[in-house]
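Data block for data_34.cif (mmCIF, C-alpha atoms):
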data_entry
loop_
_atom_site.label_atom_id
_atom_site.label_comp_id
_atom_site.auth_asym_id
_atom_site.auth_seq_id
_atom_site.Cartn_x
_atom_site.Cartn_y
_atom_site.Cartn_z
CA MET P 14 0.00 0.00 0.00
CA GLU P 15 1.22 3.47 -0.84
CA LYS P 16 2.18 5.67 2.10
CA ALA P 17 -0.27 8.47 2.81
CA VAL P 18 1.16 11.85 1.94
CA VAL P 19 1.15 14.58 4.59
CA LEU P 20 1.33 18.33 4.06
CA VAL P 21 3.91 20.52 5.82
CA LEU P 22 3.51 24.29 5.89
CA VAL P 23 6.92 25.85 5.39
CA SER P 24 7.95 29.48 5.61
CA GLY P 25 11.74 29.26 5.42
CA GLY P 26 12.11 30.05 9.12
CA VAL P 27 13.77 28.01 11.84
CA ASP P 28 10.60 26.35 13.16
CA SER P 29 9.01 25.16 9.92
CA THR P 30 12.37 24.14 8.44
CA THR P 31 13.11 22.01 11.49
CA LEU P 32 9.59 20.60 11.26
CA LEU P 33 10.10 19.70 7.61
CA HIS P 34 13.29 17.76 8.42
CA TYR P 35 11.58 16.16 11.43
CA VAL P 36 8.56 14.92 9.48
CA VAL P 37 10.72 13.56 6.65
CA LYS P 38 13.62 12.10 8.66
CA GLU P 39 12.27 11.24 12.10
CA LEU P 40 8.64 10.44 11.29
CA GLY P 41 9.53 8.99 7.88
CA ARG P 42 6.44 10.44 6.24
CA ASP P 43 5.90 11.08 2.57
CA VAL P 44 5.76 14.88 2.48
CA LYS P 45 4.40 17.60 0.26
CA ALA P 46 5.25 21.16 1.30
CA LEU P 47 3.20 24.30 0.94
CA THR P 48 4.45 27.87 1.21
CA ILE P 49 1.97 30.72 1.39
CA LEU P 50 3.17 34.23 0.55
CA TYR P 51 1.32 37.27 1.84
CA GLY P 52 3.42 40.24 0.89
CA GLN P 53 6.32 39.86 3.29
CA LYS P 54 9.10 42.39 3.02
CA HIS P 55 11.55 40.10 1.23
CA SER P 56 11.95 36.91 -0.74
CA LYS P 57 14.59 35.31 1.47
CA GLU P 58 11.97 33.01 3.00
CA ILE P 59 11.11 31.60 -0.39
CA GLU P 60 14.78 31.02 -1.28
CA CYS P 61 15.25 29.20 2.01
CA SER P 62 12.14 27.04 1.77
CA THR P 63 12.97 26.15 -1.84
CA TYR P 64 16.52 25.19 -0.80
CA GLN P 65 15.33 22.98 2.06
CA CYS P 66 12.61 21.24 0.00
CA ASN P 67 15.03 20.53 -2.85
CA LEU P 68 17.59 19.20 -0.39
CA LEU P 69 15.06 16.73 1.00
CA GLY P 70 13.47 15.91 -2.38
CA VAL P 71 10.12 17.21 -1.16
CA PRO P 72 7.71 18.52 -3.81
CA PHE P 73 6.41 21.92 -2.89
CA GLU P 74 3.89 24.45 -3.99
CA ILE P 75 3.85 28.20 -3.49
CA ILE P 76 0.53 30.01 -3.22
CA ASP P 77 0.91 33.74 -3.52
CA LEU P 78 -1.68 35.64 -1.47
CA SER P 79 0.22 38.93 -1.71
CA LEU P 80 -2.97 40.54 -2.99
CA LEU P 81 -4.20 40.30 0.60
CA ALA P 82 -1.34 42.38 2.00
CA PRO P 83 -3.40 45.62 2.03
CA TYR P 84 -5.91 43.92 4.34
CA PHE P 85 -3.31 42.87 6.87
CA SER P 86 -2.03 45.58 9.12
CA SER P 87 1.20 44.32 10.54
CA SER P 88 4.61 45.77 10.81
CA SER P 89 6.05 42.60 9.28
CA LEU P 90 4.48 43.53 5.94
CA VAL P 91 5.60 45.83 3.18
CA GLY P 92 4.86 49.50 3.50
CA LYS P 93 3.53 49.44 7.04
CA GLU P 94 4.97 50.91 10.20
CA GLU P 95 8.51 50.14 11.18
CA VAL P 96 9.19 46.61 12.32
CA PRO P 97 9.90 46.81 16.05
CA ASN P 98 13.06 45.46 17.56
CA VAL P 99 13.16 42.91 20.31
CA VAL P 100 12.92 45.32 23.23
CA GLU P 101 9.63 46.70 21.96
CA VAL P 102 7.81 43.38 21.65
CA MET P 103 9.00 41.46 24.69
CA GLY P 104 6.10 40.73 26.97
CA ASP P 105 3.53 42.28 24.65
CA PRO P 106 0.51 39.99 24.45
CA GLN P 107 -0.18 41.05 20.87
CA PRO P 108 2.81 42.84 19.38
CA SER P 109 2.68 44.90 16.18
CA THR P 110 4.30 41.99 14.34
CA TYR P 111 1.01 40.10 14.86
CA VAL P 112 -0.85 39.72 11.56
CA PRO P 113 -4.62 39.68 12.15
CA ASN P 114 -5.91 36.13 11.88
CA ARG P 115 -3.20 35.19 9.40
CA ASN P 116 -2.52 31.85 11.02
CA MET P 117 -6.14 30.70 10.85
CA LEU P 118 -6.35 31.88 7.26
CA PHE P 119 -3.20 29.96 6.34
CA LEU P 120 -4.35 26.83 8.14
CA ALA P 121 -7.80 27.05 6.53
CA LEU P 122 -6.15 27.34 3.12
CA ALA P 123 -3.73 24.51 3.89
CA ALA P 124 -6.70 22.38 4.96
CA ALA P 125 -8.57 23.22 1.75
CA TYR P 126 -5.48 22.38 -0.26
CA ALA P 127 -5.01 19.11 1.62
CA GLU P 128 -8.68 18.11 1.42
CA ASN P 129 -8.63 18.72 -2.30
CA LEU P 130 -5.71 16.27 -2.66
CA GLY P 131 -7.08 13.73 -0.20
CA ILE P 132 -4.36 14.52 2.35
CA GLN P 133 -5.52 14.23 5.95
CA GLU P 134 -2.61 15.53 8.03
CA VAL P 135 -1.26 19.07 7.96
CA TYR P 136 1.95 19.76 9.91
CA TYR P 137 2.40 23.22 11.30
CA GLY P 138 5.52 24.73 12.90
CA ALA P 139 3.95 26.39 15.92
CA GLN P 140 6.27 26.47 18.93
CA LYS P 141 6.10 27.80 22.47
CA HIS P 142 6.72 31.51 22.10
CA ASP P 143 8.57 32.59 25.16
CA LEU P 144 9.16 36.18 24.10
CA TYR P 145 5.85 37.03 22.43
CA GLY P 146 2.25 36.20 23.05
CA TYR P 147 0.50 35.32 19.82
CA TRP P 148 -2.89 33.76 20.57
CA ASP P 149 -2.87 31.79 17.33
CA THR P 150 0.11 29.53 17.90
CA THR P 151 -1.05 27.97 21.17
CA PRO P 152 -2.12 24.38 21.86
CA GLN P 153 -5.58 25.77 22.72
CA PHE P 154 -5.85 27.44 19.33
CA LEU P 155 -4.81 24.28 17.48
CA GLN P 156 -7.18 22.12 19.53
CA ALA P 157 -10.08 24.49 18.82
CA LEU P 158 -9.22 24.46 15.12
CA ASN P 159 -9.10 20.66 15.07
CA ASP P 160 -12.50 20.66 16.79
CA VAL P 161 -13.82 22.58 13.76
CA PHE P 162 -12.25 20.15 11.27
CA SER P 163 -13.56 17.14 13.17
CA LEU P 164 -17.07 18.18 12.08
CA ASN P 165 -16.25 17.43 8.43
CA ARG P 166 -18.30 14.31 7.71
CA LYS P 167 -16.11 12.90 4.95
CA ASN P 168 -12.62 14.39 4.97
CA GLY P 169 -11.55 15.31 8.48
CA ILE P 170 -8.26 17.19 8.39
CA GLN P 171 -5.97 17.21 11.38
CA ILE P 172 -3.48 19.94 12.17
CA LEU P 173 -0.41 18.52 13.88
CA ALA P 174 2.13 20.71 15.63
CA PRO P 175 4.72 18.45 17.24
CA PHE P 176 6.77 21.45 18.45
CA VAL P 177 3.92 23.31 20.08
CA ASP P 178 5.45 22.79 23.53
CA TYR P 179 9.06 23.29 22.40
CA THR P 180 10.94 26.47 23.12
CA LYS P 181 13.00 27.88 20.26
CA THR P 182 16.02 26.31 21.95
CA ASP P 183 14.32 22.90 21.91
CA VAL P 184 13.51 23.35 18.23
CA VAL P 185 17.08 24.25 17.29
CA ARG P 186 18.44 21.38 19.42
CA LYS P 187 16.17 18.97 17.56
CA GLY P 188 17.15 20.46 14.21
CA LEU P 189 20.87 20.17 14.93
CA GLU P 190 20.33 16.50 15.84
CA LEU P 191 18.65 16.11 12.45
CA GLY P 192 21.48 17.87 10.62
CA VAL P 193 19.54 20.97 9.60
CA ASP P 194 21.73 23.64 8.01
CA TYR P 195 20.43 26.84 9.59
CA ALA P 196 22.49 28.97 7.22
CA HIS P 197 19.57 28.32 4.87
CA THR P 198 16.76 29.55 7.11
CA TRP P 199 15.49 33.06 7.52
CA SER P 200 13.94 34.62 10.60
CA ASP P 201 14.22 38.36 10.14
CA TYR P 202 11.36 40.73 9.35
CA PHE P 203 13.33 43.79 8.25
CA GLY P 204 13.72 42.78 4.59
CA ARG P 205 17.27 43.97 4.06
CA GLU P 206 19.95 41.98 2.25
CA LYS P 207 21.23 40.42 5.46
CA ALA P 208 19.39 39.68 8.68
CA SER P 209 19.80 41.99 11.64
CA ARG P 210 20.67 40.69 15.09
CA HIS P 211 18.27 43.32 16.42
CA SER P 212 15.03 42.14 14.83
CA ALA P 213 12.74 40.49 17.34
CA THR P 214 12.69 37.10 15.63
CA SER P 215 16.44 37.09 15.02
CA ALA P 216 17.01 37.86 18.67
CA GLU P 217 14.87 34.88 19.67
CA ARG P 218 16.82 32.65 17.31
CA LEU P 219 20.21 33.93 18.47
CA LYS P 220 19.19 33.33 22.07
CA ALA P 221 18.39 29.70 21.19
CA PHE P 222 21.80 29.16 19.59
CA ALA P 223 23.50 30.91 22.50
CA GLU P 224 21.73 28.63 25.00
CA LEU P 225 23.03 25.63 23.08
CA GLY P 226 26.54 27.11 23.05
CA ILE P 227 26.60 27.04 19.25
CA GLU P 228 27.24 29.74 16.67
CA ASP P 229 24.23 30.64 14.47
CA PRO P 230 25.59 29.92 10.96
CA LEU P 231 23.54 32.75 9.41
CA GLU P 232 25.53 35.84 8.41
CA TYR P 233 24.19 39.00 10.06
CA GLU P 234 24.60 42.56 8.85
CA ASP P 235 25.76 43.58 12.32
CA ASP P 236 28.74 41.19 12.27
CA MET I 24 -20.97 57.65 20.19
CA GLU I 25 -20.50 56.32 16.69
CA LYS I 26 -22.30 53.08 15.93
CA ALA I 27 -19.99 50.11 15.62
CA VAL I 28 -19.74 48.88 12.05
CA VAL I 29 -20.45 45.22 11.32
CA LEU I 30 -19.29 43.17 8.34
CA VAL I 31 -21.72 41.18 6.18
CA LEU I 32 -20.42 38.53 3.77
CA VAL I 33 -22.45 38.76 0.58
CA SER I 34 -22.42 36.50 -2.46
CA GLY I 35 -25.39 37.80 -4.46
CA GLY I 36 -27.48 34.75 -3.56
CA VAL I 37 -30.85 34.62 -1.79
CA ASP I 38 -29.49 33.94 1.69
CA SER I 39 -26.78 36.57 1.95
CA THR I 40 -28.91 39.19 0.16
CA THR I 41 -31.72 38.64 2.62
CA LEU I 42 -29.19 38.80 5.45
CA LEU I 43 -27.83 42.10 4.16
CA HIS I 44 -31.31 43.65 4.15
CA TYR I 45 -32.05 42.13 7.56
CA VAL I 46 -28.90 43.51 9.22
CA VAL I 47 -29.44 46.97 7.71
CA LYS I 48 -33.22 47.28 8.07
CA GLU I 49 -34.25 45.05 10.95
CA LEU I 50 -31.16 45.20 13.14
CA GLY I 51 -30.38 48.79 12.12
CA ARG I 52 -26.65 48.17 12.07
CA ASP I 53 -24.04 50.21 10.27
CA VAL I 54 -22.87 47.74 7.63
CA LYS I 55 -19.84 47.15 5.45
CA ALA I 56 -20.14 44.30 2.95
CA LEU I 57 -17.47 41.94 1.69
CA THR I 58 -17.67 39.74 -1.40
CA ILE I 59 -15.04 37.07 -1.96
CA LEU I 60 -14.61 35.69 -5.47
CA TYR I 61 -13.05 32.28 -6.00
CA GLY I 62 -13.40 31.55 -9.69
CA GLN I 63 -17.11 30.86 -9.96
CA LYS I 64 -18.49 30.11 -13.39
CA HIS I 65 -20.06 33.53 -13.91
CA SER I 66 -20.15 37.12 -12.76
CA LYS I 67 -23.89 37.35 -12.08
CA GLU I 68 -23.27 37.09 -8.35
CA ILE I 69 -21.09 40.17 -8.41
CA GLU I 70 -23.65 42.15 -10.41
CA CYS I 71 -26.32 41.18 -7.89
CA SER I 72 -24.30 41.93 -4.78
CA THR I 73 -23.22 45.27 -6.23
CA TYR I 74 -26.84 46.12 -7.02
CA GLN I 75 -28.06 45.25 -3.53
CA CYS I 76 -25.24 47.12 -1.74
CA ASN I 77 -25.78 50.23 -3.85
CA LEU I 78 -29.51 50.04 -3.20
CA LEU I 79 -28.92 50.02 0.55
CA GLY I 80 -26.06 52.51 0.46
CA VAL I 81 -23.71 49.94 1.94
CA PRO I 82 -20.01 50.30 1.15
CA PHE I 83 -18.57 47.07 -0.11
CA GLU I 84 -15.28 45.51 -1.01
CA ILE I 85 -14.53 42.68 -3.39
CA ILE I 86 -11.57 40.41 -2.73
CA ASP I 87 -10.72 38.28 -5.71
CA LEU I 88 -9.30 34.90 -4.71
CA SER I 89 -9.78 33.41 -8.17
CA LEU I 90 -6.12 32.43 -8.14
CA LEU I 91 -7.18 29.71 -5.68
CA ALA I 92 -9.66 28.09 -8.10
CA PRO I 93 -7.18 25.42 -9.24
CA TYR I 94 -6.90 24.23 -5.62
CA PHE I 95 -10.63 23.81 -5.15
CA SER I 96 -12.16 20.77 -6.80
CA SER I 97 -15.83 21.45 -7.01
CA SER I 98 -18.31 21.19 -9.79
CA SER I 99 -19.46 24.73 -9.02
CA LEU I 100 -16.14 26.07 -10.33
CA VAL I 101 -14.91 26.81 -13.79
CA GLY I 102 -13.52 23.98 -15.84
CA LYS I 103 -14.39 21.17 -13.49
CA GLU I 104 -16.88 18.34 -13.88
CA GLU I 105 -20.44 19.09 -14.85
CA VAL I 106 -22.57 20.78 -12.22
CA PRO I 107 -25.11 18.20 -11.06
CA ASN I 108 -28.80 18.86 -11.17
CA VAL I 109 -31.08 18.63 -8.17
CA VAL I 110 -31.84 14.90 -8.41
CA GLU I 111 -28.16 14.04 -8.15
CA VAL I 112 -27.43 15.96 -4.96
CA MET I 113 -30.55 15.38 -2.84
CA GLY I 114 -29.67 13.46 0.27
CA ASP I 115 -25.93 13.45 -0.47
CA PRO I 116 -24.04 14.33 2.73
CA GLN I 117 -21.26 15.97 0.70
CA PRO I 118 -22.36 16.64 -2.87
CA SER I 119 -19.95 17.52 -5.68
CA THR I 120 -20.99 21.17 -5.35
CA TYR I 121 -19.17 21.16 -1.99
CA VAL I 122 -15.99 23.27 -2.17
CA PRO I 123 -13.33 21.86 0.18
CA ASN I 124 -13.10 24.04 3.27
CA ARG I 125 -14.14 27.15 1.34
CA ASN I 126 -16.45 28.37 4.05
CA MET I 127 -13.82 28.28 6.77
CA LEU I 128 -11.36 29.97 4.43
CA PHE I 129 -13.86 32.74 3.66
CA LEU I 130 -14.77 33.22 7.30
CA ALA I 131 -11.09 33.28 8.30
CA LEU I 132 -10.46 35.93 5.66
CA ALA I 133 -13.55 37.90 6.69
CA ALA I 134 -12.36 37.76 10.29
CA ALA I 135 -8.88 38.96 9.28
CA TYR I 136 -10.46 41.77 7.27
CA ALA I 137 -12.73 42.70 10.16
CA GLU I 138 -9.98 42.54 12.80
CA ASN I 139 -7.81 44.77 10.66
CA LEU I 140 -10.58 47.41 10.62
CA GLY I 141 -11.51 46.97 14.28
CA ILE I 142 -14.87 45.38 13.37
CA GLN I 143 -15.99 42.73 15.85
CA GLU I 144 -19.09 41.18 14.28
CA VAL I 145 -19.18 39.26 11.01
CA TYR I 146 -22.60 38.27 9.63
CA TYR I 147 -22.80 35.14 7.54
CA GLY I 148 -25.76 33.84 5.52
CA ALA I 149 -25.72 30.20 6.57
CA GLN I 150 -29.18 28.65 6.58
CA LYS I 151 -30.61 25.23 7.34
CA HIS I 152 -29.93 23.22 4.22
CA ASP I 153 -32.85 20.93 3.80
CA LEU I 154 -31.72 19.43 0.49
CA TYR I 155 -27.98 19.15 0.98
CA GLY I 156 -25.70 18.31 3.80
CA TYR I 157 -22.76 20.70 3.92
CA TRP I 158 -20.91 20.28 7.21
CA ASP I 159 -19.66 23.85 7.12
CA THR I 160 -22.95 25.74 7.35
CA THR I 161 -24.22 24.14 10.56
CA PRO I 162 -24.69 25.73 13.99
CA GLN I 163 -22.06 23.29 15.30
CA PHE I 164 -19.55 24.53 12.73
CA LEU I 165 -20.19 28.16 13.57
CA GLN I 166 -20.01 27.51 17.30
CA ALA I 167 -16.70 25.69 16.89
CA LEU I 168 -15.36 28.55 14.79
CA ASN I 169 -16.43 31.12 17.38
CA ASP I 170 -14.70 28.99 20.01
CA VAL I 171 -11.48 29.53 18.03
CA PHE I 172 -12.00 33.30 17.75
CA SER I 173 -12.81 33.57 21.45
CA LEU I 174 -9.15 32.73 22.15
CA ASN I 175 -8.00 36.01 20.58
CA ARG I 176 -6.80 38.00 23.58
CA LYS I 177 -7.38 41.46 22.15
CA ASN I 178 -9.77 41.42 19.18
CA GLY I 179 -12.30 38.61 19.53
CA ILE I 180 -14.37 38.32 16.36
CA GLN I 181 -17.83 36.81 16.45
CA ILE I 182 -19.48 35.12 13.49
CA LEU I 183 -23.24 35.67 13.58
CA ALA I 184 -25.61 33.67 11.43
CA PRO I 185 -29.17 34.69 12.34
CA PHE I 186 -30.65 32.41 9.65
CA VAL I 187 -28.79 29.27 10.65
CA ASP I 188 -32.03 27.60 11.72
CA TYR I 189 -34.14 29.02 8.88
CA THR I 190 -35.17 26.90 5.93
CA LYS I 191 -34.84 28.55 2.52
CA THR I 192 -38.60 29.19 2.73
CA ASP I 193 -38.14 31.01 6.05
CA VAL I 194 -35.36 33.09 4.51
CA VAL I 195 -37.44 34.11 1.49
CA ARG I 196 -40.46 34.85 3.74
CA LYS I 197 -38.27 37.15 5.83
CA GLY I 198 -36.83 38.79 2.71
CA LEU I 199 -40.25 39.46 1.23
CA GLU I 200 -41.30 41.09 4.52
CA LEU I 201 -38.21 43.30 4.18
CA GLY I 202 -38.99 44.18 0.55
CA VAL I 203 -36.05 42.34 -1.03
CA ASP I 204 -36.22 42.29 -4.82
CA TYR I 205 -35.19 38.73 -5.64
CA ALA I 206 -34.97 39.53 -9.35
CA HIS I 207 -31.52 40.86 -8.33
CA THR I 208 -30.22 37.74 -6.67
CA TRP I 209 -28.49 34.79 -8.25
CA SER I 210 -28.53 31.18 -7.13
CA ASP I 211 -27.53 29.12 -10.14
CA TYR I 212 -24.19 27.33 -10.61
CA PHE I 213 -24.34 26.63 -14.35
CA GLY I 214 -22.92 29.98 -15.50
CA ARG I 215 -25.10 30.50 -18.53
CA GLU I 216 -26.79 33.79 -19.42
CA LYS I 217 -29.96 32.90 -17.53
CA ALA I 218 -30.46 30.62 -14.56
CA SER I 219 -31.81 27.13 -15.08
CA ARG I 220 -34.73 25.78 -13.09
CA HIS I 221 -32.86 22.48 -13.01
CA SER I 222 -29.73 23.52 -11.17
CA ALA I 223 -29.70 22.23 -7.61
CA THR I 224 -29.61 25.64 -5.96
CA SER I 225 -32.27 27.11 -8.26
CA ALA I 226 -34.54 24.18 -7.46
CA GLU I 227 -34.17 24.85 -3.73
CA ARG I 228 -35.00 28.50 -4.26
CA LEU I 229 -37.98 27.75 -6.50
CA LYS I 230 -39.30 25.34 -3.91
CA ALA I 231 -39.17 28.12 -1.31
CA PHE I 232 -41.15 30.52 -3.51
CA ALA I 233 -43.62 27.75 -4.35
CA GLU I 234 -44.18 27.01 -0.65
CA LEU I 235 -44.98 30.68 -0.11
CA GLY I 236 -47.36 30.66 -3.11
CA ILE I 237 -45.35 33.41 -4.80
CA GLU I 238 -43.69 33.58 -8.22
CA ASP I 239 -39.87 33.79 -8.19
CA PRO I 240 -39.22 37.09 -10.04
CA LEU I 241 -36.00 35.78 -11.61
CA GLU I 242 -36.22 34.97 -15.32
CA TYR I 243 -35.21 31.39 -16.06
CA GLU I 244 -33.90 30.01 -19.34
CA ASP I 245 -36.46 27.18 -19.14
CA ASP I 246 -39.46 29.58 -19.12
#

Show me this structure written as structure tokens.
Amino acid sequence: MEKAVVLVLVSGGVDSTTLLHYVVKELGRDVKALTILYGQKHSKEIECSTYQCNLLGVPFEIIDLSLLAPYFSSSSLVGKEEVPNVVEVMGDPQPSTYVPNRNMLFLALAAAYAENLGIQEVYYGAQKHDLYGYWDTTPQFLQALNDVFSLNRKNGIQILAPFVDYTKTDVVRKGLELGVDYAHTWSDYFGREKASRHSATSAERLKAFAELGIEDPLEYEDD
Amino acid sequence: MEKAVVLVLVSGGVDSTTLLHYVVKELGRDVKALTILYGQKHSKEIECSTYQCNLLGVPFEIIDLSLLAPYFSSSSLVGKEEVPNVVEVMGDPQPSTYVPNRNMLFLALAAAYAENLGIQEVYYGAQKHDLYGYWDTTPQFLQALNDVFSLNRKNGIQILAPFVDYTKTDVVRKGLELGVDYAHTWSDYFGREKASRHSATSAERLKAFAELGIEDPLEYEDD
């Protein structure tokens, strides 16, 4: 019998890249990857997710929802207010990098995409955010979303987030075990040629590497 | 104090048109309308929703997600299998006119749109489907979706579907009370110049008018 294919949502960042390697290498699943664009400030994410999918021989699809960018007010998007640095978002329960309901929208689209192909499992790189407080990456959010999908009478989709209780440090530790090359991941919101050590997401990532006593292989503009 | 604006999802069909009139006239709310396109077989819906919004002086926005059509296998979309007639879908718990997870996707997008504008209530024209069995128009579906939104720590959105327990006949009765001109609504999936009495959705609508002893004012190609 053919192995059932699962869908992995990838963004090119640390979490979803580690998840992709985890689902392929540790879970041994047959994977298809999906990247959803929504008008981010740069194309580094797409370069990184393409690199990682090619490396693993995973077929992937890119759906470009950039036309929705005007409807999303978030500082992580093109043309909006300045992206805050780490000091400004720490402890904020809904920082300006939050994109209104983006995660549910992406998961609803991923579920539609999966249901259309007869795929039942969608893997999602949510992790335990220790610096921020996004409501839509929590175990409660994912459980509530799966409660919605469980009502589908024919094609119940399940969202799986194996890292939902991992800190960023746990994620990076797992990825290093799996041989992930983090030089080909992208975590910065600023959209310049190189990542800045001072963007909120870079700071979180650097902290994870520091806690593991390892150098982040990504080249930063501040080096 | 300024009245809070609410969002109404309109498609140009009987249910959402009636809902639009209901929210404006009976509830007296300040309304903004949103139409989401996804590659339907014709543009009659957009003509009808534009007409109804203009009539009521309701500002509206159209978001065109037609680029997603290839990812939705449904006979109601362009280029896919033939749209079934009413005999073929009656009693089917998930007929071929079902569009995989479209409703959740639309409601997630409507919620994102609303949250971005600071709107808290989204009205949705779900009704009690007596002929079909879509899982994603039921009170259970809407409750489960609201359970997700209730987790948002700052901007909880609520999906309201006042017709969720109405039959199509109840909806049309309510609309006639409110003076809705159903000549400017569109319910047919076939995508020809005029609607056919034999499309599944037209048949449901015609049944509602028949039960009320009233002529459907829409001109049908079979007349």

Using only C-alpha atoms, which protein or nucleic acid residues come within 6 Å of Trp199 of chain P? Drop anything in the same chain fewer than 6 positions from it, and give the result as a PyMOL selection string. chain P and resi 25-26+58

Within-9 Å shell of (-7.2, 23.4, -4.6) in input frame, all atoms listed in the file, as a ChimeraX atom specification: /P:122,125-130 /I:91-96,123

Which residues are close to Leu40 of chain P, i.e. within 12 Å by all atoms listed in the file, leaving aside same-chain residues fewer than 4 positions away? Reply as an MDAnalysis selection string. chainID P and resid 19 32:36 44 136 175 191

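Pairwise distance (atom CA of Asp246 of chain I, atom CA of Arg215 of chain I) equals 14.4 Å.
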
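One finds atom CA of Gly202 of chain I at 29.3 Å from atom CA of Tyr61 of chain I.
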
What would the selection look like, as a PDB file with C-alpha atoms, in the coordinates of the input, if the PyMOL selection byres ((chain I) within 10 of (chain P)) were run on the coordinates I just shared?
ATOM      1  CA  ILE I  86     -11.570  40.410  -2.730  1.00  0.00           C
ATOM      2  CA  ASP I  87     -10.720  38.280  -5.710  1.00  0.00           C
ATOM      3  CA  LEU I  88      -9.300  34.900  -4.710  1.00  0.00           C
ATOM      4  CA  LEU I  90      -6.120  32.430  -8.140  1.00  0.00           C
ATOM      5  CA  LEU I  91      -7.180  29.710  -5.680  1.00  0.00           C
ATOM      6  CA  PRO I  93      -7.180  25.420  -9.240  1.00  0.00           C
ATOM      7  CA  TYR I  94      -6.900  24.230  -5.620  1.00  0.00           C
ATOM      8  CA  PHE I  95     -10.630  23.810  -5.150  1.00  0.00           C
ATOM      9  CA  SER I  96     -12.160  20.770  -6.800  1.00  0.00           C
ATOM     10  CA  SER I  97     -15.830  21.450  -7.010  1.00  0.00           C
ATOM     11  CA  PRO I 116     -24.040  14.330   2.730  1.00  0.00           C
ATOM     12  CA  GLN I 117     -21.260  15.970   0.700  1.00  0.00           C
ATOM     13  CA  VAL I 122     -15.990  23.270  -2.170  1.00  0.00           C
ATOM     14  CA  PRO I 123     -13.330  21.860   0.180  1.00  0.00           C
ATOM     15  CA  ASN I 124     -13.100  24.040   3.270  1.00  0.00           C
ATOM     16  CA  ARG I 125     -14.140  27.150   1.340  1.00  0.00           C
ATOM     17  CA  ASN I 126     -16.450  28.370   4.050  1.00  0.00           C
ATOM     18  CA  MET I 127     -13.820  28.280   6.770  1.00  0.00           C
ATOM     19  CA  LEU I 128     -11.360  29.970   4.430  1.00  0.00           C
ATOM     20  CA  PHE I 129     -13.860  32.740   3.660  1.00  0.00           C
ATOM     21  CA  LEU I 130     -14.770  33.220   7.300  1.00  0.00           C
ATOM     22  CA  ALA I 131     -11.090  33.280   8.300  1.00  0.00           C
ATOM     23  CA  LEU I 132     -10.460  35.930   5.660  1.00  0.00           C
ATOM     24  CA  ALA I 133     -13.550  37.900   6.690  1.00  0.00           C
ATOM     25  CA  ALA I 134     -12.360  37.760  10.290  1.00  0.00           C
ATOM     26  CA  ALA I 135      -8.880  38.960   9.280  1.00  0.00           C
ATOM     27  CA  TYR I 136     -10.460  41.770   7.270  1.00  0.00           C
ATOM     28  CA  ALA I 137     -12.730  42.700  10.160  1.00  0.00           C
ATOM     29  CA  GLU I 138      -9.980  42.540  12.800  1.00  0.00           C
ATOM     30  CA  ASN I 139      -7.810  44.770  10.660  1.00  0.00           C
ATOM     31  CA  LEU I 140     -10.580  47.410  10.620  1.00  0.00           C
ATOM     32  CA  GLY I 156     -25.700  18.310   3.800  1.00  0.00           C
ATOM     33  CA  TYR I 157     -22.760  20.700   3.920  1.00  0.00           C
ATOM     34  CA  TRP I 158     -20.910  20.280   7.210  1.00  0.00           C
ATOM     35  CA  ASP I 159     -19.660  23.850   7.120  1.00  0.00           C
ATOM     36  CA  THR I 161     -24.220  24.140  10.560  1.00  0.00           C
ATOM     37  CA  GLN I 163     -22.060  23.290  15.300  1.00  0.00           C
ATOM     38  CA  PHE I 164     -19.550  24.530  12.730  1.00  0.00           C
ATOM     39  CA  LEU I 165     -20.190  28.160  13.570  1.00  0.00           C
ATOM     40  CA  GLN I 166     -20.010  27.510  17.300  1.00  0.00           C
ATOM     41  CA  ALA I 167     -16.700  25.690  16.890  1.00  0.00           C
ATOM     42  CA  LEU I 168     -15.360  28.550  14.790  1.00  0.00           C
ATOM     43  CA  ASN I 169     -16.430  31.120  17.380  1.00  0.00           C
ATOM     44  CA  ASP I 170     -14.700  28.990  20.010  1.00  0.00           C
ATOM     45  CA  VAL I 171     -11.480  29.530  18.030  1.00  0.00           C
ATOM     46  CA  PHE I 172     -12.000  33.300  17.750  1.00  0.00           C
ATOM     47  CA  SER I 173     -12.810  33.570  21.450  1.00  0.00           C
ATOM     48  CA  LEU I 174      -9.150  32.730  22.150  1.00  0.00           C
ATOM     49  CA  ASN I 175      -8.000  36.010  20.580  1.00  0.00           C
ATOM     50  CA  ARG I 176      -6.800  38.000  23.580  1.00  0.00           C
ATOM     51  CA  LYS I 177      -7.380  41.460  22.150  1.00  0.00           C
ATOM     52  CA  ASN I 178      -9.770  41.420  19.180  1.00  0.00           C
ATOM     53  CA  ILE I 180     -14.370  38.320  16.360  1.00  0.00           C
TER      54      ILE I 180
END

Excluding same-chain residues fewer than 6 positions from segment 232-237 of chain I, what lies within 9 Å of it counting all atoms listed in the file, as an mmCIF file with C-alpha atoms, keeping the file's coordinate frame?
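Result file selection06.cif:
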data_model
loop_
_atom_site.group_PDB
_atom_site.id
_atom_site.type_symbol
_atom_site.label_atom_id
_atom_site.label_comp_id
_atom_site.auth_asym_id
_atom_site.auth_seq_id
_atom_site.Cartn_x
_atom_site.Cartn_y
_atom_site.Cartn_z
ATOM 1 C CA LYS I 191 -34.840 28.550 2.520
ATOM 2 C CA THR I 192 -38.600 29.190 2.730
ATOM 3 C CA VAL I 195 -37.440 34.110 1.490
ATOM 4 C CA ARG I 196 -40.460 34.850 3.740
#

Do you know which residues the PyMOL selection byres ((chain I and resi 57) around 8) returns on this file, as a list of chain:residue names? I:Leu30, I:Val31, I:Leu32, I:Val33, I:Lys55, I:Ala56, I:Thr58, I:Ile59, I:Phe83, I:Glu84, I:Ile85, I:Ile86, I:Ala133
